[in-house]
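Raw target.tsv, TSV, C-alpha atoms:
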chain	number	residue	atom	x	y	z
A	30	SER	CA	-35.45	-13.01	-3.11
A	31	TYR	CA	-31.78	-13.79	-2.55
A	32	LEU	CA	-31.28	-10.86	-0.20
A	33	PRO	CA	-33.71	-8.92	2.00
A	34	GLN	CA	-34.89	-5.91	-0.02
A	35	GLN	CA	-33.34	-3.44	2.41
A	36	CYS	CA	-29.95	-5.09	1.92
A	37	LYS	CA	-29.85	-4.66	-1.82
A	38	GLN	CA	-27.79	-1.78	-3.14
A	39	SER	CA	-29.90	0.86	-4.86
A	40	GLY	CA	-29.20	3.07	-7.84
A	41	ILE	CA	-28.04	2.48	-11.40
A	42	TYR	CA	-24.32	2.53	-12.02
A	43	ASN	CA	-23.37	4.86	-14.83
A	44	LYS	CA	-20.41	2.68	-15.80
A	45	LYS	CA	-18.03	5.57	-15.23
A	46	ILE	CA	-14.75	3.77	-14.72
A	47	MET	CA	-11.68	5.51	-13.32
A	48	ARG	CA	-8.27	4.05	-12.67
A	49	HIS	CA	-6.05	5.01	-9.76
A	50	GLY	CA	-2.86	2.97	-10.03
A	51	THR	CA	-3.88	-0.58	-9.10
A	52	ILE	CA	-7.36	0.53	-8.04
A	53	ILE	CA	-10.41	0.72	-10.32
A	54	GLN	CA	-13.22	3.07	-9.29
A	55	ILE	CA	-16.82	2.50	-10.36
A	56	ASP	CA	-19.03	5.16	-8.79
A	57	ASP	CA	-18.60	4.83	-5.00
A	58	CYS	CA	-16.70	1.52	-5.13
A	59	LEU	CA	-12.92	1.15	-5.17
A	60	ILE	CA	-11.99	-2.25	-6.59
A	61	SER	CA	-8.61	-3.90	-6.34
A	62	GLU	CA	-7.28	-4.96	-9.73
A	63	GLU	CA	-6.85	-8.48	-8.34
A	64	VAL	CA	-10.62	-8.90	-8.27
A	65	LEU	CA	-10.56	-8.53	-12.06
A	66	THR	CA	-7.28	-10.22	-12.94
A	67	GLU	CA	-6.87	-13.09	-10.46
A	68	TYR	CA	-8.40	-16.53	-11.06
A	69	PHE	CA	-10.70	-18.33	-8.60
A	70	ALA	CA	-13.29	-21.12	-8.57
A	71	CYS	CA	-14.35	-22.97	-5.43
A	72	ASP	CA	-13.16	-26.58	-5.39
A	73	TYR	CA	-15.54	-28.19	-2.92
A	74	GLU	CA	-14.20	-31.67	-3.65
A	75	LYS	CA	-10.92	-30.54	-2.15
A	76	CYS	CA	-11.96	-28.21	0.69
A	77	LYS	CA	-15.22	-29.92	1.79
A	78	GLY	CA	-16.61	-26.55	2.88
A	79	CYS	CA	-13.96	-25.94	5.53
A	80	CYS	CA	-14.42	-22.15	5.31
A	81	CYS	CA	-17.53	-22.69	7.46
A	82	VAL	CA	-15.53	-24.22	10.30
A	83	ILE	CA	-12.19	-22.38	10.20
A	84	GLY	CA	-11.66	-18.75	11.20
A	85	ASP	CA	-11.10	-16.40	14.11
A	86	SER	CA	-14.72	-15.19	14.08
A	87	GLY	CA	-17.99	-15.86	12.32
A	88	ALA	CA	-19.16	-14.51	8.98
A	89	PRO	CA	-19.64	-10.71	8.90
A	90	LEU	CA	-23.30	-9.69	8.86
A	91	GLU	CA	-25.22	-6.64	7.80
A	92	GLU	CA	-27.96	-5.57	10.19
A	93	CYS	CA	-30.71	-6.56	7.79
A	94	GLU	CA	-29.14	-10.02	7.46
A	95	ALA	CA	-29.42	-10.62	11.20
A	96	GLU	CA	-33.12	-9.82	10.86
A	97	ALA	CA	-33.43	-12.20	7.90
A	98	ILE	CA	-31.73	-14.99	9.85
A	99	GLU	CA	-34.15	-14.54	12.72
A	100	LYS	CA	-37.10	-14.52	10.33
A	101	ASN	CA	-36.00	-17.74	8.59
A	102	TYR	CA	-34.50	-19.52	11.61
A	103	HIS	CA	-37.49	-21.82	12.12
A	104	ILE	CA	-36.99	-23.08	8.56
A	105	PHE	CA	-33.33	-24.09	8.68
A	106	SER	CA	-32.70	-24.68	12.40
A	107	PRO	CA	-33.98	-28.30	12.29
A	108	ILE	CA	-31.01	-29.31	10.14
A	109	MET	CA	-28.41	-27.46	12.23
A	110	SER	CA	-26.28	-29.32	14.75
A	111	ASP	CA	-27.49	-29.64	18.34
A	112	GLU	CA	-24.49	-27.56	19.45
A	113	GLY	CA	-25.35	-24.84	16.96
A	114	ARG	CA	-28.95	-24.59	18.10
A	115	LYS	CA	-27.84	-24.47	21.72
A	116	VAL	CA	-25.53	-21.51	21.03
A	117	VAL	CA	-28.27	-19.60	19.22
A	118	CYS	CA	-30.61	-20.26	22.13
A	119	GLU	CA	-28.03	-18.89	24.59
A	120	LYS	CA	-26.41	-16.09	22.55
A	121	GLY	CA	-28.90	-15.13	19.89
A	122	TYR	CA	-28.66	-15.03	16.11
A	123	TYR	CA	-25.40	-13.05	16.00
A	124	GLU	CA	-22.56	-11.83	18.20
A	125	ILE	CA	-20.09	-8.94	18.19
A	126	ASP	CA	-16.47	-9.97	17.56
A	127	MET	CA	-13.26	-8.45	18.89
A	128	ASP	CA	-13.25	-5.86	16.10
A	129	GLY	CA	-16.74	-4.70	17.02
A	130	ASP	CA	-18.33	-6.26	13.94
A	131	MET	CA	-21.62	-8.15	13.83
A	132	VAL	CA	-20.88	-11.79	12.90
A	133	THR	CA	-22.49	-15.21	13.01
A	134	PRO	CA	-21.83	-16.98	16.36
A	135	LEU	CA	-19.30	-19.78	16.67
A	136	VAL	CA	-19.66	-23.04	18.55
A	137	PRO	CA	-17.56	-22.67	21.76
A	138	GLY	CA	-14.27	-24.54	21.71
A	139	SER	CA	-14.20	-24.59	17.91
A	140	GLU	CA	-14.14	-22.26	14.90
A	141	GLU	CA	-17.39	-23.70	13.56
A	142	CYS	CA	-20.20	-21.39	12.47
A	143	VAL	CA	-23.37	-22.32	14.36
A	144	TYR	CA	-25.33	-22.44	11.09
A	145	THR	CA	-23.14	-25.19	9.64
A	146	LEU	CA	-24.69	-28.47	8.53
A	147	PHE	CA	-22.69	-31.71	8.32
A	148	ASP	CA	-23.64	-34.68	6.16
A	149	GLU	CA	-22.91	-38.32	6.98
A	150	ASP	CA	-19.45	-38.03	5.42
A	151	GLY	CA	-18.48	-34.97	7.48
A	152	ASN	CA	-18.81	-32.50	4.60
A	153	CYS	CA	-19.77	-28.95	5.62
A	154	PHE	CA	-22.70	-27.01	4.20
A	155	CYS	CA	-24.65	-23.88	5.12
A	156	SER	CA	-28.01	-24.86	6.61
A	157	MET	CA	-29.58	-21.61	5.35
A	158	GLU	CA	-28.43	-22.21	1.79
A	159	ARG	CA	-29.42	-25.88	1.86
A	160	CYS	CA	-33.00	-24.93	2.70
A	161	TRP	CA	-32.98	-22.08	0.19
A	162	PHE	CA	-32.00	-24.50	-2.59
A	163	GLN	CA	-35.01	-26.59	-1.57
A	164	GLY	CA	-37.28	-23.58	-2.06
A	165	LYS	CA	-37.66	-22.90	1.64
A	166	GLY	CA	-37.24	-19.38	3.02
A	167	ASP	CA	-36.24	-16.13	1.33
A	168	PHE	CA	-32.67	-15.75	2.58
A	169	ARG	CA	-29.81	-17.66	0.96
A	170	LYS	CA	-26.83	-16.80	3.18
A	171	PRO	CA	-24.79	-13.76	4.34
A	172	ILE	CA	-23.42	-11.72	1.46
A	173	SER	CA	-19.95	-11.89	3.03
A	174	CYS	CA	-20.03	-15.67	2.47
A	175	TRP	CA	-21.60	-15.48	-0.97
A	176	LEU	CA	-19.12	-12.88	-2.23
A	177	TYR	CA	-16.01	-14.58	-0.86
A	178	PRO	CA	-13.10	-14.15	-1.66
A	179	ILE	CA	-14.13	-10.52	-2.19
A	180	ARG	CA	-14.22	-8.55	1.04
A	181	ILE	CA	-16.15	-5.27	1.26
A	182	THR	CA	-14.91	-2.51	3.59
A	183	GLN	CA	-16.84	0.68	4.27
A	184	LEU	CA	-14.38	3.59	4.20
A	185	SER	CA	-14.63	6.79	6.24
A	186	ASN	CA	-15.20	8.95	3.15
A	187	GLY	CA	-18.32	7.03	2.23
A	188	THR	CA	-16.78	4.87	-0.47
A	189	ARG	CA	-16.52	1.09	-0.33
A	190	ALA	CA	-13.40	-0.96	-0.98
A	191	LEU	CA	-13.63	-4.35	-2.68
A	192	ASN	CA	-10.47	-6.35	-2.09
A	193	LEU	CA	-9.37	-9.90	-2.78
A	194	HIS	CA	-8.87	-11.92	0.39
A	195	ARG	CA	-6.28	-14.68	0.20
A	196	TRP	CA	-6.75	-17.60	2.59
A	197	HIS	CA	-4.52	-20.65	2.61
A	198	ILE	CA	-7.50	-23.02	2.79
A	199	CYS	CA	-8.60	-21.70	-0.62
A	200	GLN	CA	-5.36	-22.41	-2.47
A	201	ASP	CA	-7.09	-25.18	-4.45
A	202	ALA	CA	-9.77	-22.70	-5.54
A	203	PHE	CA	-7.16	-20.31	-6.92
A	204	ALA	CA	-5.53	-23.24	-8.74
A	205	LYS	CA	-8.85	-24.47	-10.17
A	206	GLY	CA	-9.78	-20.97	-11.32
A	207	LYS	CA	-6.46	-20.60	-13.11
A	208	LYS	CA	-6.82	-23.99	-14.75
A	209	GLU	CA	-10.35	-23.23	-15.94
A	210	LYS	CA	-9.59	-19.56	-16.78
A	211	ILE	CA	-12.29	-18.19	-14.45
A	212	ARG	CA	-11.61	-14.75	-12.97
A	213	VAL	CA	-12.71	-13.90	-9.42
A	214	TYR	CA	-15.40	-11.47	-10.57
A	215	GLN	CA	-16.69	-13.98	-13.16
A	216	PHE	CA	-17.02	-16.73	-10.57
A	217	LEU	CA	-18.98	-14.34	-8.37
A	218	ARG	CA	-21.21	-12.90	-11.08
A	219	GLU	CA	-24.48	-14.01	-9.45
A	220	PRO	CA	-23.88	-12.47	-5.99
A	221	ILE	CA	-22.30	-9.35	-7.52
A	222	GLU	CA	-25.36	-8.77	-9.72
A	223	ARG	CA	-27.73	-9.49	-6.84
A	224	TYR	CA	-25.96	-7.14	-4.42
A	225	PHE	CA	-24.65	-4.37	-6.68
A	226	GLY	CA	-26.80	-4.78	-9.79
A	227	GLU	CA	-26.31	-5.91	-13.38
A	228	ASP	CA	-24.99	-2.49	-14.46
A	229	PHE	CA	-22.23	-2.71	-11.88
A	230	TYR	CA	-21.19	-6.15	-13.12
A	231	ALA	CA	-21.18	-4.88	-16.70
A	232	ALA	CA	-18.85	-2.07	-15.64
A	233	LEU	CA	-16.61	-4.59	-13.86
A	234	ASP	CA	-16.48	-6.72	-16.97
A	235	GLU	CA	-15.57	-3.71	-19.11
A	236	ALA	CA	-12.78	-2.76	-16.71
A	237	ALA	CA	-11.52	-6.35	-16.60
A	238	LYS	CA	-11.29	-6.57	-20.39
A	239	MET	CA	-9.32	-3.32	-20.41
A	240	LEU	CA	-6.91	-4.55	-17.73
A	241	ASN	CA	-6.44	-8.07	-19.04
A	242	SER	CA	-5.81	-6.85	-22.59
A	243	GLU	CA	-2.75	-5.05	-21.22
A	244	ASN	CA	-1.21	-8.28	-19.92
Could I get this file's structure written as structure tokens?
Amino acid sequence: SYLPQQCKQSGIYNKKIMRHGTIIQIDDCLISEEVLTEYFACDYEKCKGCCCVIGDSGAPLEECEAEAIEKNYHIFSPIMSDEGRKVVCEKGYYEIDMDGDMVTPLVPGSEECVYTLFDEDGNCFCSMERCWFQGKGDFRKPISCWLYPIRITQLSNGTRALNLHRWHICQDAFAKGKKEKIRVYQFLREPIERYFGEDFYAALDEAAKMLNSEN
């Protein structure tokens, strides 16, 4: 499976769509209109995977993902860097950042995720995902990475906010998406369906058609 079973969101979305200004609500999720109207498509030829090695902290993790990383570590650790393996040995499979969130550890003195893999040309890849593509292991990568540039925030009233995160290193991805007419939610269809379900994506698509027909 792409995600540990306990990480997957349960329930069938009833496609009840409500609009609150620039916010679209689908059941317990509040979605920024930008997720449905903005364009995005990763341009790896331009960025070389730099999102894995740039940032103030590691990738946000859900508790079940930390467990999945530990379970699959023996599979992907051989292709990690020596520095990355050393950090995991000393710190563990995750750390708590300054905001109190569980994240992947970083290599000291850099902004590099410990689970990063570099090829002979210096391109960055996720060691977990590389092994998953080879049919090894049952965990692809953290959902926060897979869903980027969507960021999920758990709100105090029990709802979840899905917002578009804009990062200067992804400017080429926004340009490529616009050129190829690929919306953010369309580019992320696979992780959205895996995490929230096919009914949720269908509701997103319905809301997007409504919004984009107005422009």
| message | So that I can check the surroundings of stretch 209-224 of chain A, please list as a count of residues only every protein, DNA and RNA residue that reaches within 10 Å of it, counting all atoms listed in the file and ignoring chain neighbours fewer than 4 positions away. | response | 35
| request: For stretch 108-118 of chain A, please output as number ranges by chain all residues within 7 Å (counting only C-alpha atoms; exclusion window: fewer than 6 positions along the same chain). | output: A: 136, 143-146, 156
Give me, as a PDB file with C-alpha atoms, keeping the file's coordinate frame, all polymer residues having an atom no more than 9 Å from stretch 83-87 of chain A, counting all atoms listed in the file and skipping those fewer than 4 positions away in the same chain.
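Final output, part_9.pdb:
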ATOM      1  CA  CYS A  79     -13.960 -25.940   5.530  1.00  0.00           C
ATOM      2  CA  TYR A 123     -25.400 -13.050  16.000  1.00  0.00           C
ATOM      3  CA  GLU A 124     -22.560 -11.830  18.200  1.00  0.00           C
ATOM      4  CA  ASP A 126     -16.470  -9.970  17.560  1.00  0.00           C
ATOM      5  CA  MET A 127     -13.260  -8.450  18.890  1.00  0.00           C
ATOM      6  CA  MET A 131     -21.620  -8.150  13.830  1.00  0.00           C
ATOM      7  CA  VAL A 132     -20.880 -11.790  12.900  1.00  0.00           C
ATOM      8  CA  THR A 133     -22.490 -15.210  13.010  1.00  0.00           C
ATOM      9  CA  PRO A 134     -21.830 -16.980  16.360  1.00  0.00           C
ATOM     10  CA  LEU A 135     -19.300 -19.780  16.670  1.00  0.00           C
ATOM     11  CA  SER A 139     -14.200 -24.590  17.910  1.00  0.00           C
ATOM     12  CA  GLU A 140     -14.140 -22.260  14.900  1.00  0.00           C
ATOM     13  CA  GLU A 141     -17.390 -23.700  13.560  1.00  0.00           C
ATOM     14  CA  CYS A 142     -20.200 -21.390  12.470  1.00  0.00           C
ATOM     15  CA  VAL A 143     -23.370 -22.320  14.360  1.00  0.00           C
ATOM     16  CA  ILE A 198      -7.500 -23.020   2.790  1.00  0.00           C
TER      17      ILE A 198
END
| query | How far is it from atom CA of A:Glu158 to atom CA of A:Pro137, in Å with one decimal? | reply | 22.7 Å
